[in-house]
>>> print(open('start-v9.cif').read())   # mmCIF, C-alpha atoms (C1' of nucleotides)
data_coords
loop_
_atom_site.group_PDB
_atom_site.id
_atom_site.type_symbol
_atom_site.label_atom_id
_atom_site.label_comp_id
_atom_site.auth_asym_id
_atom_site.auth_seq_id
_atom_site.Cartn_x
_atom_site.Cartn_y
_atom_site.Cartn_z
ATOM 1 C CA MET A 1 13.130 -19.495 5.061
ATOM 2 C CA GLY A 2 16.455 -18.465 6.519
ATOM 3 C CA ARG A 3 17.725 -14.933 6.799
ATOM 4 C CA GLU A 4 20.118 -15.335 3.849
ATOM 5 C CA PHE A 5 17.169 -15.763 1.470
ATOM 6 C CA TYR A 6 16.327 -12.083 1.900
ATOM 7 C CA MET A 7 19.863 -10.699 1.682
ATOM 8 C CA GLU A 8 19.915 -9.845 -1.983
ATOM 9 C CA GLY A 9 18.267 -7.262 -4.205
ATOM 10 C CA ALA A 10 14.506 -6.781 -4.140
ATOM 11 C CA VAL A 11 14.104 -7.755 -7.799
ATOM 12 C CA ALA A 12 15.740 -11.144 -7.218
ATOM 13 C CA VAL A 13 13.826 -11.690 -3.989
ATOM 14 C CA ALA A 14 10.522 -10.743 -5.649
ATOM 15 C CA ARG A 15 11.057 -13.395 -8.315
ATOM 16 C CA LYS A 16 12.189 -16.024 -5.806
ATOM 17 C CA LEU A 17 9.118 -15.450 -3.632
ATOM 18 C CA LEU A 18 6.725 -16.682 -6.325
ATOM 19 C CA GLY A 19 5.442 -20.068 -5.184
ATOM 20 C CA ALA A 20 6.566 -19.612 -1.574
ATOM 21 C CA VAL A 21 3.993 -19.798 1.227
ATOM 22 C CA LEU A 22 3.208 -16.880 3.508
ATOM 23 C CA VAL A 23 2.094 -18.148 6.917
ATOM 24 C CA ARG A 24 0.403 -16.070 9.592
ATOM 25 C CA ASN A 25 -0.107 -17.378 13.130
ATOM 26 C CA SER A 26 -2.416 -15.445 15.417
ATOM 27 C CA PRO A 27 -4.543 -16.167 18.492
ATOM 28 C CA GLN A 28 -7.478 -16.811 16.144
ATOM 29 C CA GLY A 29 -5.575 -19.479 14.268
ATOM 30 C CA THR A 30 -3.296 -20.046 11.308
ATOM 31 C CA ALA A 31 -3.878 -18.721 7.813
ATOM 32 C CA SER A 32 -1.615 -19.105 4.807
ATOM 33 C CA GLY A 33 -1.393 -18.766 1.058
ATOM 34 C CA VAL A 34 0.903 -19.336 -1.895
ATOM 35 C CA ILE A 35 2.498 -16.124 -3.147
ATOM 36 C CA VAL A 36 1.363 -15.595 -6.749
ATOM 37 C CA GLU A 37 2.106 -11.887 -7.283
ATOM 38 C CA THR A 38 4.904 -9.603 -6.016
ATOM 39 C CA GLU A 39 6.452 -6.237 -6.769
ATOM 40 C CA ALA A 40 10.046 -5.168 -6.197
ATOM 41 C CA TYR A 41 10.846 -1.694 -4.842
ATOM 42 C CA ALA A 42 14.522 -1.198 -5.472
ATOM 43 C CA GLY A 43 15.711 1.409 -2.993
ATOM 44 C CA ARG A 44 17.161 4.889 -3.330
ATOM 45 C CA ASP A 45 17.347 4.917 -7.114
ATOM 46 C CA ASP A 46 13.786 3.718 -7.715
ATOM 47 C CA ALA A 47 11.389 6.653 -7.987
ATOM 48 C CA ALA A 48 8.432 4.443 -7.064
ATOM 49 C CA CYS A 49 10.050 3.255 -3.833
ATOM 50 C CA HIS A 50 9.214 4.836 -0.489
ATOM 51 C CA SER A 51 12.963 5.096 0.217
ATOM 52 C CA TYR A 52 13.655 6.955 -3.028
ATOM 53 C CA LYS A 53 16.465 9.491 -2.554
ATOM 54 C CA ARG A 54 16.305 8.958 1.159
ATOM 55 C CA ASP A 55 19.740 9.173 2.741
ATOM 56 C CA ALA A 56 19.686 7.983 6.283
ATOM 57 C CA PRO A 57 17.128 6.401 8.538
ATOM 58 C CA ALA A 58 15.228 9.448 9.716
ATOM 59 C CA SER A 59 14.106 8.675 13.230
ATOM 60 C CA GLY A 60 10.407 7.918 13.388
ATOM 61 C CA HIS A 61 10.030 7.691 9.638
ATOM 62 C CA ARG A 62 7.909 4.844 8.336
ATOM 63 C CA THR A 63 10.699 3.628 6.048
ATOM 64 C CA ASN A 64 13.169 3.098 8.909
ATOM 65 C CA VAL A 65 12.789 -0.643 8.868
ATOM 66 C CA MET A 66 13.811 -0.754 5.204
ATOM 67 C CA PHE A 67 17.281 0.453 6.134
ATOM 68 C CA GLY A 68 17.892 -2.551 8.353
ATOM 69 C CA PRO A 69 18.645 -6.119 7.317
ATOM 70 C CA GLY A 70 16.329 -8.086 5.033
ATOM 71 C CA GLY A 71 13.818 -10.606 6.319
ATOM 72 C CA VAL A 72 11.594 -8.324 8.386
ATOM 73 C CA ALA A 73 8.107 -6.964 7.729
ATOM 74 C CA TYR A 74 7.465 -3.464 6.400
ATOM 75 C CA VAL A 75 3.750 -2.768 6.882
ATOM 76 C CA TYR A 76 2.208 0.602 6.091
ATOM 77 C CA LEU A 77 -1.243 2.124 5.790
ATOM 78 C CA ILE A 78 -2.425 3.209 2.362
ATOM 79 C CA TYR A 79 -5.362 5.428 1.412
ATOM 80 C CA GLY A 80 -6.134 5.880 5.078
ATOM 81 C CA MET A 81 -7.715 2.458 5.335
ATOM 82 C CA HIS A 82 -5.761 -0.511 3.977
ATOM 83 C CA CYS A 83 -2.517 -2.110 5.081
ATOM 84 C CA CYS A 84 0.169 -3.286 2.679
ATOM 85 C CA PHE A 85 2.642 -6.012 3.592
ATOM 86 C CA ASN A 86 6.223 -5.904 2.349
ATOM 87 C CA VAL A 87 9.260 -8.076 2.858
ATOM 88 C CA VAL A 88 12.408 -6.042 3.477
ATOM 89 C CA ALA A 89 15.221 -7.157 1.174
ATOM 90 C CA ASN A 90 18.992 -6.770 0.992
ATOM 91 C CA LEU A 91 21.748 -5.806 3.415
ATOM 92 C CA PRO A 92 21.567 -3.027 6.000
ATOM 93 C CA GLY A 93 21.898 0.352 4.324
ATOM 94 C CA LEU A 94 20.230 -0.791 1.099
ATOM 95 C CA PRO A 95 16.551 0.111 1.674
ATOM 96 C CA GLU A 96 14.688 -2.267 -0.621
ATOM 97 C CA ALA A 97 11.432 -4.177 -0.235
ATOM 98 C CA VAL A 98 9.033 -6.555 -1.958
ATOM 99 C CA LEU A 99 5.302 -5.854 -1.850
ATOM 100 C CA ILE A 100 3.218 -9.017 -1.615
ATOM 101 C CA ARG A 101 0.248 -8.353 -3.907
ATOM 102 C CA ALA A 102 -1.731 -11.590 -4.029
ATOM 103 C CA LEU A 103 -1.965 -15.079 -2.564
ATOM 104 C CA GLU A 104 -3.640 -18.305 -3.520
ATOM 105 C CA PRO A 105 -5.415 -19.199 -0.250
ATOM 106 C CA LYS A 106 -4.113 -22.377 1.342
ATOM 107 C CA ASP A 107 -4.780 -23.015 5.045
ATOM 108 C CA GLY A 108 -7.275 -21.292 7.340
ATOM 109 C CA ILE A 109 -9.698 -20.410 4.565
ATOM 110 C CA ALA A 110 -12.677 -20.203 6.922
ATOM 111 C CA LEU A 111 -10.781 -17.762 9.141
ATOM 112 C CA MET A 112 -9.788 -15.658 6.159
ATOM 113 C CA ARG A 113 -13.378 -15.538 4.889
ATOM 114 C CA GLU A 114 -14.534 -14.449 8.301
ATOM 115 C CA ARG A 115 -11.953 -11.670 8.492
ATOM 116 C CA ARG A 116 -12.741 -10.455 4.982
ATOM 117 C CA GLY A 117 -16.494 -10.866 5.189
ATOM 118 C CA VAL A 118 -16.713 -12.443 1.758
ATOM 119 C CA PRO A 119 -17.667 -15.997 0.808
ATOM 120 C CA GLY A 120 -15.494 -16.493 -2.273
ATOM 121 C CA LEU A 121 -12.014 -17.898 -2.758
ATOM 122 C CA LYS A 122 -10.652 -16.075 -5.796
ATOM 123 C CA ASN A 123 -11.325 -12.671 -4.246
ATOM 124 C CA LEU A 124 -10.047 -13.568 -0.784
ATOM 125 C CA CYS A 125 -6.383 -12.520 -1.144
ATOM 126 C CA SER A 126 -6.341 -10.979 -4.649
ATOM 127 C CA GLY A 127 -4.790 -7.642 -3.722
ATOM 128 C CA PRO A 128 -2.332 -6.186 -1.201
ATOM 129 C CA GLY A 129 -5.026 -4.781 1.074
ATOM 130 C CA LYS A 130 -7.199 -7.861 0.810
ATOM 131 C CA LEU A 131 -4.481 -10.297 1.827
ATOM 132 C CA CYS A 132 -3.562 -8.174 4.827
ATOM 133 C CA ALA A 133 -7.189 -8.216 5.963
ATOM 134 C CA ALA A 134 -7.444 -11.969 5.340
ATOM 135 C CA LEU A 135 -4.273 -12.768 7.279
ATOM 136 C CA GLY A 136 -4.895 -10.255 10.055
ATOM 137 C CA ILE A 137 -1.795 -8.236 9.171
ATOM 138 C CA THR A 138 -1.775 -4.759 10.717
ATOM 139 C CA ARG A 139 0.907 -2.228 11.540
ATOM 140 C CA ASP A 140 1.414 -4.103 14.798
ATOM 141 C CA LEU A 141 3.618 -6.333 12.644
ATOM 142 C CA TYR A 142 5.789 -3.416 11.505
ATOM 143 C CA GLY A 143 9.377 -4.625 11.870
ATOM 144 C CA ALA A 144 8.364 -8.194 12.742
ATOM 145 C CA ASP A 145 11.080 -10.739 12.081
ATOM 146 C CA LEU A 146 10.046 -13.062 9.260
ATOM 147 C CA CYS A 147 12.245 -15.735 10.791
ATOM 148 C CA GLY A 148 10.006 -15.707 13.870
ATOM 149 C CA GLY A 149 6.693 -17.385 14.693
ATOM 150 C CA GLU A 150 4.005 -14.726 14.139
ATOM 151 C CA ILE A 151 4.550 -14.454 10.423
ATOM 152 C CA TYR A 152 7.013 -16.250 8.199
ATOM 153 C CA ILE A 153 7.554 -17.626 4.694
ATOM 154 C CA GLU A 154 8.052 -21.283 3.801
ATOM 155 C CA ARG A 155 9.701 -22.662 0.721
ATOM 156 C CA GLY A 156 7.079 -23.876 -1.768
ATOM 157 C CA GLU A 157 6.911 -25.429 -5.210
ATOM 158 C CA PRO A 158 9.554 -23.760 -7.376
ATOM 159 C CA VAL A 159 8.040 -21.718 -10.199
ATOM 160 C CA PRO A 160 9.888 -22.319 -13.497
ATOM 161 C CA ASP A 161 10.592 -19.359 -15.779
ATOM 162 C CA GLU A 162 8.013 -20.510 -18.312
ATOM 163 C CA SER A 163 5.308 -20.177 -15.653
ATOM 164 C CA ALA A 164 6.405 -16.719 -14.483
ATOM 165 C CA LEU A 165 5.914 -13.321 -16.050
ATOM 166 C CA SER A 166 7.184 -9.838 -15.261
ATOM 167 C CA THR A 167 5.201 -6.679 -16.011
ATOM 168 C CA ARG A 168 5.215 -3.039 -15.020
ATOM 169 C CA ARG A 169 4.026 -2.242 -11.512
ATOM 170 C CA ILE A 170 0.485 -1.306 -10.566
ATOM 171 C CA ASN A 171 -0.529 2.234 -9.627
ATOM 172 C CA VAL A 172 2.899 3.871 -9.632
ATOM 173 C CA ASP A 173 2.310 6.184 -12.592
ATOM 174 C CA TYR A 174 3.530 9.104 -10.518
ATOM 175 C CA SER A 175 7.083 7.698 -10.704
ATOM 176 C CA GLY A 176 7.690 8.530 -14.362
ATOM 177 C CA GLU A 177 10.117 6.231 -16.116
ATOM 178 C CA ALA A 178 10.297 3.948 -13.083
ATOM 179 C CA SER A 179 6.642 3.061 -13.625
ATOM 180 C CA LEU A 180 7.796 1.158 -16.720
ATOM 181 C CA TYR A 181 10.324 -1.087 -14.974
ATOM 182 C CA PRO A 182 9.350 -4.777 -15.197
ATOM 183 C CA TYR A 183 9.338 -5.218 -11.441
ATOM 184 C CA ARG A 184 5.993 -6.947 -10.990
ATOM 185 C CA PHE A 185 6.159 -10.740 -10.970
ATOM 186 C CA VAL A 186 3.193 -13.058 -11.377
ATOM 187 C CA ILE A 187 2.497 -16.741 -11.807
ATOM 188 C CA LYS A 188 1.170 -16.567 -15.334
ATOM 189 C CA ASP A 189 -1.820 -18.883 -15.151
ATOM 190 C CA SER A 190 -2.849 -18.168 -11.565
ATOM 191 C CA GLY A 191 -6.515 -17.395 -11.065
ATOM 192 C CA PHE A 192 -5.747 -15.476 -7.870
ATOM 193 C CA LEU A 193 -4.000 -12.334 -9.162
ATOM 194 C CA SER A 194 -4.986 -8.818 -8.143
ATOM 195 C CA THR A 195 -5.592 -7.761 -11.729
ATOM 196 C CA ARG A 196 -4.554 -8.666 -15.229
ATOM 197 C CA ARG A 197 -3.679 -5.108 -16.089
ATOM 198 C CA TYR A 198 -0.399 -4.697 -17.980
ATOM 199 C CA VAL A 199 0.016 -8.429 -18.419
ATOM 200 C CA ALA A 200 1.871 -9.034 -21.663
ATOM 201 C "C1'" DT B 1 0.053 23.443 12.627
ATOM 202 C "C1'" DG B 2 -2.018 22.410 8.268
ATOM 203 C "C1'" DA B 3 -2.631 20.926 3.405
ATOM 204 C "C1'" DC B 4 -2.113 17.366 0.367
ATOM 205 C "C1'" DC B 5 -2.410 12.719 -1.409
ATOM 206 C "C1'" DG B 6 -1.743 7.722 -1.923
ATOM 207 C "C1'" DA B 7 2.382 0.554 -3.815
ATOM 208 C "C1'" DT B 8 -6.452 0.112 -2.678
ATOM 209 C "C1'" DG B 9 -11.033 -1.816 -2.835
ATOM 210 C "C1'" DA B 10 -15.719 -1.846 -3.858
ATOM 211 C "C1'" DA B 11 -19.492 -0.054 -6.002
ATOM 212 C "C1'" DT B 12 -21.224 1.995 -10.354
ATOM 213 C "C1'" DT C 1 -14.719 5.472 -13.507
ATOM 214 C "C1'" DT C 2 -15.694 7.223 -9.052
ATOM 215 C "C1'" DC C 3 -15.134 7.826 -4.359
ATOM 216 C "C1'" DA C 4 -14.564 6.617 0.597
ATOM 217 C "C1'" DT C 5 -11.221 7.827 4.288
ATOM 218 C "C1'" DC C 6 -7.257 9.332 7.234
ATOM 219 C "C1'" DG C 7 -2.349 8.818 8.704
ATOM 220 C "C1'" DG C 8 2.117 10.018 6.923
ATOM 221 C "C1'" DT C 9 4.808 13.414 5.100
ATOM 222 C "C1'" DC C 10 6.481 17.700 4.306
ATOM 223 C "C1'" DA C 11 5.998 22.597 3.794
ATOM 224 C "C1'" DT C 12 5.158 26.598 6.680
#
>>> encode(input="start-v9.cif", output="structure tokens")
Amino acid sequence: MGREFYMEGAVAVARKLLGAVLVRNSPQGTASGVIVETEAYAGRDDAACHSYKRDAPASGHRTNVMFGPGGVAYVYLIYGMHCCFNVVANLPGLPEAVLIRALEPKDGIALMRERRGVPGLKNLCSGPGKLCAALGITRDLYGADLCGGEIYIERGEPVPDESALSTRRINVDYSGEASLYPYRFVIKDSGFLSTRRYVA
DNA sequence: TGACCGATGAAT
DNA sequence: TTCATCGGTCAT
């Protein structure tokens, strides 16, 4: 996917990413999956977003990469043990991102099972931490260009509106009213989602 | 320098 | 529903 794909708001990018294919190339091999669940984090005005009310790129701050151009990876560590993979969206100065929450495994399934240590398929990439483990995504990929070779996103089958659904986001209750925004996008009938919580 | 806590996952 | 686990963040 070209750079221009990422140069609009996180909400639009989150919706557009449904059905696209996240590909990860590493020395151990290639692993990929169809994106079936995303969440938009809409910058300075979104109380759930890591860049909420953040003015300028504070040097050394984990959100720095969000202030640059879209189409790069924002990877961070959560709960001291899991990585989360985000796609930076929008133009420089508009710090927005899309969290990739679940994939339908496609290529490299044996490699993903090995990395995760589980035999199944439905539970292989059904959560933000799980898919990072399955694809071998660590903070080494912080700031990685998604138009490069290590990790990138391919156009997939378009997902029509009748197959998509938006819901409130998962585990952002601390953000008050923002926790109610319909910024989570899922492929309605996918069997590979992280959870069915809040699904209408 | 230190206290607090989380865009989770797995077990119970 | 509980808890493991620890780096990032921000207040001193």
>>> resolve_selection(input="start-v9.cif", expression="the PyMOL selection byres ((chain A) within 9 of (chain C))", output="list of chain:residue names")
A:His61, A:Arg62, A:Leu77, A:Ile78, A:Tyr79, A:Gly80, A:Met81
>>> atom_distance(input="start-v9.cif", atom1="atom CA of A:Glu4", atom2="atom CA of A:Asp145")
13.1 Å
>>> resolve_selection(input="start-v9.cif", expression="the PyMOL selection byres ((chain A) within 10 of (chain B))", output="ChimeraX atom specification")
/A:39-41,48-50,76-86,98-101,127-130,169-172
>>> atom_distance(input="start-v9.cif", atom1="atom CA of A:Ser26", atom2="atom CA of A:Ile137")
9.6 Å
>>> residues_around(input="start-v9.cif", residues="stretch 178-194 of chain A", least_positions_apart="4", cutoff="10 Å", atoms="all atoms listed in the file", output="ChimeraX atom specification")
/A:10-12,14-19,34-42,45-49,98-105,121-128,130,159-174,198-200
>>> atom_distance(input="start-v9.cif", atom1="atom CA of A:Leu111", atom2="atom CA of A:Gly136")
9.6 Å
>>> axis_aligned_box(input="start-v9.cif", around="chain C", padding_each_side="8 Å", output="lines of an AutoDock Vina configuration file")
center_x = -4.6
center_y = 16.0
center_z = -2.4
size_x = 38.2
size_y = 37.1
size_z = 38.2
>>> decode(input="start-v9.cif", residues="stretch 97-197 of chain A", atoms="C-alpha atoms", output="short mmCIF file (atom, residue, chain, number, x, y, z; two decimals), in the first residue's frame")
data_model
loop_
_atom_site.label_atom_id
_atom_site.label_comp_id
_atom_site.auth_asym_id
_atom_site.auth_seq_id
_atom_site.Cartn_x
_atom_site.Cartn_y
_atom_site.Cartn_z
CA ALA A 97 -2.88 5.87 14.93
CA VAL A 98 -4.78 2.66 14.27
CA LEU A 99 -4.34 -0.29 16.62
CA ILE A 100 -4.44 -3.63 14.82
CA ARG A 101 -6.43 -5.90 17.16
CA ALA A 102 -6.90 -9.17 15.30
CA LEU A 103 -5.95 -11.06 12.16
CA GLU A 104 -7.27 -14.05 10.30
CA PRO A 105 -4.06 -16.09 9.84
CA LYS A 106 -3.04 -16.48 6.22
CA ASP A 107 0.57 -17.43 5.39
CA GLY A 108 3.24 -18.84 7.70
CA ILE A 109 0.78 -20.51 10.05
CA ALA A 110 3.32 -23.07 11.26
CA LEU A 111 5.75 -20.28 12.13
CA MET A 112 3.05 -18.36 13.96
CA ARG A 113 2.04 -21.44 15.96
CA GLU A 114 5.64 -21.99 16.91
CA ARG A 115 6.08 -18.40 18.07
CA ARG A 116 2.84 -18.46 20.05
CA GLY A 117 3.21 -21.96 21.43
CA VAL A 118 -0.39 -22.85 20.71
CA PRO A 119 -1.79 -25.36 18.23
CA GLY A 120 -5.04 -23.64 17.26
CA LEU A 121 -5.94 -21.24 14.48
CA LYS A 122 -8.76 -19.12 15.90
CA ASN A 123 -6.69 -18.12 18.92
CA LEU A 124 -3.48 -17.48 16.99
CA CYS A 125 -3.90 -13.75 16.23
CA SER A 126 -7.14 -12.93 18.11
CA GLY A 127 -5.83 -9.99 20.12
CA PRO A 128 -3.28 -7.18 19.83
CA GLY A 129 -0.66 -8.92 21.96
CA LYS A 130 -1.24 -12.29 20.35
CA LEU A 131 -0.76 -11.07 16.80
CA CYS A 132 2.46 -9.30 17.73
CA ALA A 133 3.79 -12.53 19.22
CA ALA A 134 2.64 -14.53 16.19
CA LEU A 135 4.25 -12.15 13.69
CA GLY A 136 7.39 -11.55 15.72
CA ILE A 137 6.63 -7.85 16.15
CA THR A 138 8.66 -6.20 18.92
CA ARG A 139 9.68 -2.65 19.72
CA ASP A 140 12.59 -3.15 17.34
CA LEU A 141 10.00 -2.23 14.70
CA TYR A 142 9.17 1.08 16.39
CA GLY A 143 9.14 3.66 13.59
CA ALA A 144 9.53 1.05 10.84
CA ASP A 145 8.34 2.25 7.45
CA LEU A 146 5.28 0.28 6.37
CA CYS A 147 6.26 0.92 2.77
CA GLY A 148 9.44 -1.09 3.37
CA GLY A 149 10.21 -4.81 3.34
CA GLU A 150 10.22 -5.91 7.00
CA ILE A 151 6.56 -5.24 7.57
CA TYR A 152 3.95 -3.89 5.20
CA ILE A 153 0.25 -4.01 4.31
CA GLU A 154 -1.19 -5.30 1.04
CA ARG A 155 -4.54 -4.45 -0.44
CA GLY A 156 -7.01 -7.30 0.13
CA GLU A 157 -10.63 -8.13 -0.59
CA PRO A 158 -12.68 -4.97 -0.05
CA VAL A 159 -15.08 -5.29 2.89
CA PRO A 160 -18.54 -3.90 2.02
CA ASP A 161 -20.40 -1.84 4.61
CA GLU A 162 -22.91 -4.61 5.23
CA SER A 163 -20.07 -6.87 6.38
CA ALA A 164 -18.47 -4.28 8.67
CA LEU A 165 -19.49 -3.08 12.10
CA SER A 166 -18.28 -0.32 14.40
CA THR A 167 -18.44 -0.55 18.19
CA ARG A 168 -16.92 1.18 21.19
CA ARG A 169 -13.27 0.45 21.88
CA ILE A 170 -11.98 -2.23 24.22
CA ASN A 171 -10.47 -1.46 27.62
CA VAL A 172 -10.45 2.34 27.42
CA ASP A 173 -13.00 2.97 30.17
CA TYR A 174 -10.59 5.39 31.80
CA SER A 175 -11.20 7.85 28.94
CA GLY A 176 -14.73 8.84 29.95
CA GLU A 177 -16.95 9.91 27.09
CA ALA A 178 -14.30 8.94 24.55
CA SER A 179 -14.74 5.31 25.59
CA LEU A 180 -18.14 5.47 23.88
CA TYR A 181 -16.91 6.60 20.46
CA PRO A 182 -17.61 3.99 17.76
CA TYR A 183 -13.96 3.71 16.79
CA ARG A 184 -13.57 -0.06 16.79
CA PHE A 185 -14.11 -1.72 13.42
CA VAL A 186 -14.67 -5.42 12.87
CA ILE A 187 -15.60 -7.78 10.07
CA LYS A 188 -18.97 -8.80 11.41
CA ASP A 189 -18.95 -12.54 10.78
CA SER A 190 -15.24 -13.16 11.32
CA GLY A 191 -14.41 -16.03 13.64
CA PHE A 192 -11.02 -14.49 14.43
CA LEU A 193 -11.94 -11.44 16.54
CA SER A 194 -10.36 -10.65 19.89
CA THR A 195 -13.70 -10.63 21.66
CA ARG A 196 -17.36 -10.09 20.94
CA ARG A 197 -17.74 -7.61 23.75
#
